[in-house]
Amino acid sequence: MEPPSPGGPPTPPESTRVSRAIGKRLVNSTSDASAELRKHAIGERVSYLYHRGRCGGETKGEMRTTQVRLSSERLGGTTYVYAAALGFLFFFIGFFVFNRRPEDRAARIFFLLCVLFLLFFVCRLRPASYWWIDLFVQNTGTVSLFLLPAVFLHFFLIFPRPKEFTFAKPDEWTGEPPPRWKEKLQDFLSASPGLFYLLYSIPPVVFLYDVLRQLRGNRVAILSGAPLSSWVLLGDYLILGLIALAHSAFTLPDARERRQAFHVFIGTILGTAPFVLFGIVLPSAFNIEDYVFYGIVPMIFIPLTFAYAIVRFQMLNVRVIVRRTFLYAATTAILLGLYALAVAMANVIFAESRLSSSPLFNFGFFLVGISLFEVLRRRLQTPLDKFFFREKFDYQKALLDMSEAITGELDLGRIADFLTGRVAATMRLDKASVWLRDEQGWLERRGRREDRLSPTAEVRRLLRAEGKPALPEDLRQRVSDTESVMFCDRVIAEEFRLLVPLAYRERLMGILALKEKLSGERFDRDDQTLLSTLANQSALAIETAILHDEMTRQAELRRDLEIARDIQTSLLPRSLPQLAGFTFLGGSLPAKVVGGDFYDFISFDDHRLGIVIGDVSGKSVPASLLMVASKEIVYSRALTTRDPGRLFQESNRRIYSIKRRMFVSLGYFLLDPDAMSLRYAIGGQPLPMIFRTGDGGARFLEPPDHRLPLGALKEVPYDTREIYLKRGDLLFFYTDGFTEAMDQEMNPFGEDRIMESLASRRNASLDDLAHGLLADIRGYVDGAEQYDDMTFLFMRVE
């Protein structure tokens, strides 16, 4: 038999031996044994009476006595010291998390889990003895063994967020709701209080069942002083917790939470799998306890993984700031130690060699060592950044990639979304917003929301002059006008922490505003440097996008104008009417690619001829489209009435209903060649000029009483006028583009100059009249831009 310890000989296996007496004293408990053993000294021999038989009060068997020598034995062996250190490591990590997040339920459960690990390693794995304190320690360890499985599973059911199951779904084909029992089961398993009550009640129930079995005389398997069923239950709960953690690691929607769960899962697997194998399976199934230590050693992966997840991923929202300077200094110190160790080893190796006495060898060895030291230090910097500052390393690299990618973007809206969405997601910000300048001022783009907020001139000037990110609080202290102070106050009230100017060639293209990081960390110098780089590239992209938009709009406008010009040209008369006794000549010169002026002829079956000349308000495509609509309206009404005034009244109502705030200046003339009469109504058009021989020369036609443009008001009582024509009469119908042709000093050509030009050539052909008048206008404007369309029509009575 192995020598016992001074605190008393270890009790024989409970399934085979039960101690009855030590020395001359009967013992009924461990306290009796401890009191008797303290009466003896180390090295002394004592008699040891024990009963050999079955446990649980079994009376069968035989009584035996043996002599044992008392010897010393250290309770704090290597295995226990390691287990105790591991338990305190758990405790310190759990206490740190609880101290940072005492209001968080997951943090409280995590702290309880770490406390139970401490009690388990310190109390449950403590070597057994007959000391009176051992009874308290072992019982405390047993309590931790009961609670540890349930708390372990409880934590992983709510980490990183409470587990929710969704297997109770409506039928895909019929749409019927799921059975009630399935919904209740889903609610029960989704981290409900009832589930946790059940998880916490199972271990003590199993233990009480084993106690009752022992009291009834049944054999209960014991492992390390606790019922084997409790250890098996611990293994089952550990496996269920790992399954829940694995499910979270692969199904959580948030990538950061998935990384947390995944790293904790890997560390927990590495720590618990060997413990389950060597500490539970082998002892319970094969009665092999020699490898328990190898099951305890890997358990250190669990607290180390938790610590790593806290530092790298802010597990449980605990932020631990590891300063780079401290980390780099520690790395440098370690490398210096390795270098010193290498020098010492070289001295030992080459102590007997002549090389050690050579100055060149020592100097060369020094240079090689220093070179390798510097290269190794630089090579370690990137892996250290990735390991300890992975999140920051990733988003810094992402910002640099974004700076390159954004320069190829040509859509201004996508650039704004890129800046607000990608920057906020990459840097894990609460929110980001960007102000971009457009035709109406400054537009704030915040996701799908757009608010008008105009950064004042002073704010823009300061940001442009600063050329780097600025704090809103600092900016407010530097502004003086009231509007700038209000702008800064609003930015501060909305909790923006940094304003980044988007400037290109000293031109402020926009302002990027960033709220605080979700981790609560401030924007450091590296952040601001990267944001400045991104801002410069973004400003260039914005400038490029604006130019691209402008070129695209111009190209689209040219294309649309070309199409509209073709439409307008096709709507003008392709040929002049052939009417005995009358000759005609007309033309239209648009001020832009497409004008709003038009003229046309309407032939009737009774040989009458309708003459239409008009000017639509506006220019380019809208004017051209309204011109088309107006012509169709006039044509349709002209077929039903021969009264120009009534025609205008009906057409006016229709044009008014089509396009508000746009109107048509129109003149309609009905020529009756048999009666030599011209009936007309004029709305907004200049009065036509008539040139007659022998009665005073040029004059205007008699104006109607109502001459408002069509579409200006809904109801206008247009009236009709009539004139009788004579042989040799010359009529000139025109739009206001002729009278409003401006010279370099913005003086109009005017009606008098038109009359003078035509009167001087009234006997010339219609072609010569038109060319002469246009030549006079070109000479007058002297190259100045034409501001209005010019449409004309000559009619001569032969």
# chains A, B, ... in the order shown; residues from 1 in each chain; ligands from 1
call {"tool": "select_by_dssp", "arguments": {"residues": "segment 44-287 of chain A", "states": "strand (DSSP E or B)", "output": "number ranges by chain"}}
result
A: 45-53, 61-69, 222-223, 226-227
call {"tool": "residues_around", "arguments": {"residues": "Gln528 of chain A", "least_positions_apart": "6", "cutoff": "12 Å", "atoms": "only C-alpha atoms", "output": "mmCIF file with all heavy atoms, in the first residue's frame"}}
result
data_model
loop_
_atom_site.group_PDB
_atom_site.id
_atom_site.type_symbol
_atom_site.label_atom_id
_atom_site.label_comp_id
_atom_site.auth_asym_id
_atom_site.auth_seq_id
_atom_site.Cartn_x
_atom_site.Cartn_y
_atom_site.Cartn_z
ATOM 1 N N GLN A 396 -8.596 50.168 -42.292
ATOM 2 C CA GLN A 396 -7.623 51.066 -42.909
ATOM 3 C C GLN A 396 -7.305 50.590 -44.330
ATOM 4 O O GLN A 396 -7.222 51.391 -45.264
ATOM 5 C CB GLN A 396 -6.365 51.131 -42.061
ATOM 6 C CG GLN A 396 -6.536 51.926 -40.775
ATOM 7 C CD GLN A 396 -5.280 51.952 -39.928
ATOM 8 O OE1 GLN A 396 -4.331 51.211 -40.193
ATOM 9 N NE2 GLN A 396 -5.261 52.792 -38.913
ATOM 10 N N LEU A 399 -10.282 51.420 -46.451
ATOM 11 C CA LEU A 399 -10.349 52.836 -46.827
ATOM 12 C C LEU A 399 -9.401 53.145 -47.978
ATOM 13 O O LEU A 399 -9.732 53.912 -48.887
ATOM 14 C CB LEU A 399 -10.010 53.714 -45.624
ATOM 15 C CG LEU A 399 -11.085 53.847 -44.544
ATOM 16 C CD1 LEU A 399 -10.597 54.744 -43.411
ATOM 17 C CD2 LEU A 399 -12.372 54.398 -45.116
ATOM 18 N N MET A 427 -15.711 51.674 -40.978
ATOM 19 C CA MET A 427 -15.155 52.185 -39.727
ATOM 20 C C MET A 427 -16.054 51.891 -38.535
ATOM 21 O O MET A 427 -15.724 52.275 -37.409
ATOM 22 C CB MET A 427 -14.935 53.695 -39.841
ATOM 23 C CG MET A 427 -13.984 54.110 -40.941
ATOM 24 S SD MET A 427 -13.605 55.889 -40.915
ATOM 25 C CE MET A 427 -12.569 55.977 -39.452
ATOM 26 N N GLY A 467 -8.080 72.247 -44.905
ATOM 27 C CA GLY A 467 -7.665 71.159 -45.778
ATOM 28 C C GLY A 467 -7.521 69.819 -45.098
ATOM 29 O O GLY A 467 -6.960 68.882 -45.678
ATOM 30 N N LYS A 468 -8.022 69.667 -43.868
ATOM 31 C CA LYS A 468 -7.922 68.399 -43.152
ATOM 32 C C LYS A 468 -9.122 68.277 -42.227
ATOM 33 O O LYS A 468 -9.830 69.259 -41.959
ATOM 34 C CB LYS A 468 -6.622 68.313 -42.362
ATOM 35 C CG LYS A 468 -6.454 69.391 -41.302
ATOM 36 C CD LYS A 468 -5.116 69.262 -40.593
ATOM 37 C CE LYS A 468 -4.947 70.337 -39.523
ATOM 38 N NZ LYS A 468 -3.639 70.217 -38.828
ATOM 39 N N PRO A 469 -9.381 67.063 -41.705
ATOM 40 C CA PRO A 469 -10.550 66.896 -40.836
ATOM 41 C C PRO A 469 -10.517 67.830 -39.641
ATOM 42 O O PRO A 469 -9.462 68.132 -39.077
ATOM 43 C CB PRO A 469 -10.445 65.421 -40.398
ATOM 44 C CG PRO A 469 -9.673 64.756 -41.495
ATOM 45 C CD PRO A 469 -8.699 65.783 -41.977
ATOM 46 N N ALA A 470 -11.712 68.296 -39.256
ATOM 47 C CA ALA A 470 -11.829 69.245 -38.149
ATOM 48 C C ALA A 470 -12.945 68.792 -37.219
ATOM 49 O O ALA A 470 -13.941 68.185 -37.650
ATOM 50 C CB ALA A 470 -12.113 70.653 -38.667
ATOM 51 N N LEU A 471 -12.785 69.080 -35.930
ATOM 52 C CA LEU A 471 -13.812 68.792 -34.940
ATOM 53 C C LEU A 471 -14.860 69.896 -34.970
ATOM 54 O O LEU A 471 -14.515 71.082 -35.040
ATOM 55 C CB LEU A 471 -13.197 68.698 -33.547
ATOM 56 C CG LEU A 471 -12.134 67.612 -33.340
ATOM 57 C CD1 LEU A 471 -11.574 67.691 -31.935
ATOM 58 C CD2 LEU A 471 -12.702 66.230 -33.604
ATOM 59 N N ARG A 497 -18.997 63.915 -34.958
ATOM 60 C CA ARG A 497 -17.733 64.053 -34.244
ATOM 61 C C ARG A 497 -16.596 64.582 -35.122
ATOM 62 O O ARG A 497 -15.589 65.047 -34.608
ATOM 63 C CB ARG A 497 -17.318 62.685 -33.666
ATOM 64 C CG ARG A 497 -18.259 62.167 -32.607
ATOM 65 C CD ARG A 497 -18.180 63.013 -31.350
ATOM 66 N NE ARG A 497 -19.033 62.490 -30.294
ATOM 67 C CZ ARG A 497 -20.231 62.965 -30.016
ATOM 68 N NH1 ARG A 497 -20.714 63.988 -30.719
ATOM 69 N NH2 ARG A 497 -20.950 62.466 -29.040
ATOM 70 N N LEU A 498 -16.749 64.500 -36.449
ATOM 71 C CA LEU A 498 -15.656 64.909 -37.324
ATOM 72 C C LEU A 498 -16.222 65.406 -38.644
ATOM 73 O O LEU A 498 -17.153 64.805 -39.194
ATOM 74 C CB LEU A 498 -14.706 63.722 -37.571
ATOM 75 C CG LEU A 498 -13.323 64.049 -38.121
ATOM 76 C CD1 LEU A 498 -12.505 64.797 -37.070
ATOM 77 C CD2 LEU A 498 -12.578 62.769 -38.513
ATOM 78 N N LEU A 499 -15.671 66.523 -39.148
ATOM 79 C CA LEU A 499 -16.030 67.070 -40.447
ATOM 80 C C LEU A 499 -14.811 66.980 -41.355
ATOM 81 O O LEU A 499 -13.741 67.494 -41.024
ATOM 82 C CB LEU A 499 -16.490 68.528 -40.319
ATOM 83 C CG LEU A 499 -17.759 68.774 -39.499
ATOM 84 C CD1 LEU A 499 -18.050 70.262 -39.430
ATOM 85 C CD2 LEU A 499 -18.945 68.023 -40.079
ATOM 86 N N VAL A 500 -14.980 66.304 -42.476
ATOM 87 C CA VAL A 500 -13.873 66.077 -43.403
ATOM 88 C C VAL A 500 -14.157 66.856 -44.688
ATOM 89 O O VAL A 500 -15.139 66.558 -45.391
ATOM 90 C CB VAL A 500 -13.716 64.573 -43.720
ATOM 91 C CG1 VAL A 500 -12.496 64.342 -44.597
ATOM 92 C CG2 VAL A 500 -13.596 63.770 -42.434
ATOM 93 N N PRO A 501 -13.338 67.866 -45.035
ATOM 94 C CA PRO A 501 -13.567 68.623 -46.276
ATOM 95 C C PRO A 501 -13.158 67.808 -47.494
ATOM 96 O O PRO A 501 -12.105 67.162 -47.514
ATOM 97 C CB PRO A 501 -12.674 69.852 -46.095
ATOM 98 C CG PRO A 501 -11.583 69.403 -45.184
ATOM 99 C CD PRO A 501 -12.192 68.383 -44.261
ATOM 100 N N LEU A 514 -18.967 62.658 -39.894
ATOM 101 C CA LEU A 514 -18.936 61.320 -39.306
ATOM 102 C C LEU A 514 -19.357 61.384 -37.850
ATOM 103 O O LEU A 514 -18.900 62.249 -37.094
ATOM 104 C CB LEU A 514 -17.524 60.725 -39.395
ATOM 105 C CG LEU A 514 -16.879 60.706 -40.784
ATOM 106 C CD1 LEU A 514 -15.471 60.139 -40.697
ATOM 107 C CD2 LEU A 514 -17.714 59.917 -41.771
ATOM 108 N N ARG A 522 -12.024 57.245 -30.134
ATOM 109 C CA ARG A 522 -11.897 58.501 -30.851
ATOM 110 C C ARG A 522 -11.203 58.291 -32.190
ATOM 111 O O ARG A 522 -10.529 57.275 -32.411
ATOM 112 C CB ARG A 522 -11.115 59.520 -30.011
ATOM 113 C CG ARG A 522 -11.840 59.984 -28.765
ATOM 114 C CD ARG A 522 -10.992 60.972 -28.001
ATOM 115 N NE ARG A 522 -11.699 61.508 -26.853
ATOM 116 C CZ ARG A 522 -12.481 62.567 -26.885
ATOM 117 N NH1 ARG A 522 -12.651 63.229 -28.022
ATOM 118 N NH2 ARG A 522 -13.098 63.002 -25.799
ATOM 119 N N LEU A 534 -8.840 59.638 -48.504
ATOM 120 C CA LEU A 534 -10.136 59.308 -49.118
ATOM 121 C C LEU A 534 -10.859 60.574 -49.575
ATOM 122 O O LEU A 534 -11.486 60.586 -50.636
ATOM 123 C CB LEU A 534 -10.991 58.539 -48.111
ATOM 124 C CG LEU A 534 -12.408 58.183 -48.560
ATOM 125 C CD1 LEU A 534 -12.380 57.260 -49.771
ATOM 126 C CD2 LEU A 534 -13.184 57.535 -47.416
ATOM 127 N N ALA A 535 -10.771 61.654 -48.786
ATOM 128 C CA ALA A 535 -11.439 62.899 -49.149
ATOM 129 C C ALA A 535 -10.866 63.483 -50.434
ATOM 130 O O ALA A 535 -11.614 63.975 -51.293
ATOM 131 C CB ALA A 535 -11.314 63.908 -48.002
#
call {"tool": "select_by_dssp", "arguments": {"residues": "segment 51-179 of chain A", "states": "alpha helix (DSSP H)", "output": "PyMOL selection string"}}
result
chain A and resi 78-100+105-119+132-158
call {"tool": "closest_residue", "arguments": {"among": "A:Ile243, A:Ala150, A:Val297, A:Val81", "to": "Lys163 of chain A", "atoms": "only C-alpha atoms"}}
result
A:Ile243
call {"tool": "residues_around", "arguments": {"residues": "Gly610 of chain A", "least_positions_apart": "4", "cutoff": "6 Å", "atoms": "only C-alpha atoms", "output": "list in words"}}
result
Phe601, Ile602, Phe669 and Leu670 of chain A
call {"tool": "write_last_selection", "arguments": {"atoms": "C-alpha atoms", "output": "mmCIF file, in the first residue's frame"}}
result
data_model
loop_
_atom_site.group_PDB
_atom_site.id
_atom_site.type_symbol
_atom_site.label_atom_id
_atom_site.label_comp_id
_atom_site.auth_asym_id
_atom_site.auth_seq_id
_atom_site.Cartn_x
_atom_site.Cartn_y
_atom_site.Cartn_z
ATOM 1 C CA PHE A 601 -51.503 76.904 -94.394
ATOM 2 C CA ILE A 602 -54.927 75.256 -94.213
ATOM 3 C CA PHE A 669 -56.009 84.675 -91.103
ATOM 4 C CA LEU A 670 -58.749 83.341 -93.363
#
call {"tool": "closest_residue", "arguments": {"among": "A:Gly217, A:Gly337, A:Pro298, A:Pro717", "to": "Ala83 of chain A", "atoms": "only C-alpha atoms"}}
result
A:Pro298
call {"tool": "residues_around", "arguments": {"residues": "Cys123 of chain A", "least_positions_apart": "5", "cutoff": "9 Å", "atoms": "only C-alpha atoms", "output": "PyMOL selection string"}}
result
chain A and resi 84+118+134+136-142+144
call {"tool": "residues_around", "arguments": {"residues": "Pro203 of chain A", "least_positions_apart": "3", "cutoff": "9 Å", "atoms": "only C-alpha atoms", "output": "list in words"}}
result
Leu145, Phe146, Leu147, Pro149, Ala150, Leu199, Tyr200, Val206, Phe207, Leu208, Ser230, Leu233 and Leu234 of chain A
call {"tool": "residues_around", "arguments": {"residues": "Met486 of chain A", "least_positions_apart": "2", "cutoff": "12 Å", "atoms": "only C-alpha atoms", "output": "JSON, numbers by chain"}}
result
{"A": [453, 454, 455, 456, 459, 472, 475, 476, 477, 479, 480, 481, 482, 483, 484, 488, 489, 490, 491, 492, 493]}
call {"tool": "closest_residue", "arguments": {"among": "A:Leu49, A:Leu793, A:Leu412, A:Ile658", "to": "His548 of chain A", "atoms": "only C-alpha atoms"}}
result
A:Leu412
call {"tool": "atom_distance", "arguments": {"atom1": "atom CA of Gly645 of chain A", "atom2": "atom CA of Thr720 of chain A"}}
result
4.8 Å
call {"tool": "atom_distance", "arguments": {"atom1": "atom CA of Arg721 of chain A", "atom2": "atom CA of Phe700 of chain A"}}
result
12.8 Å
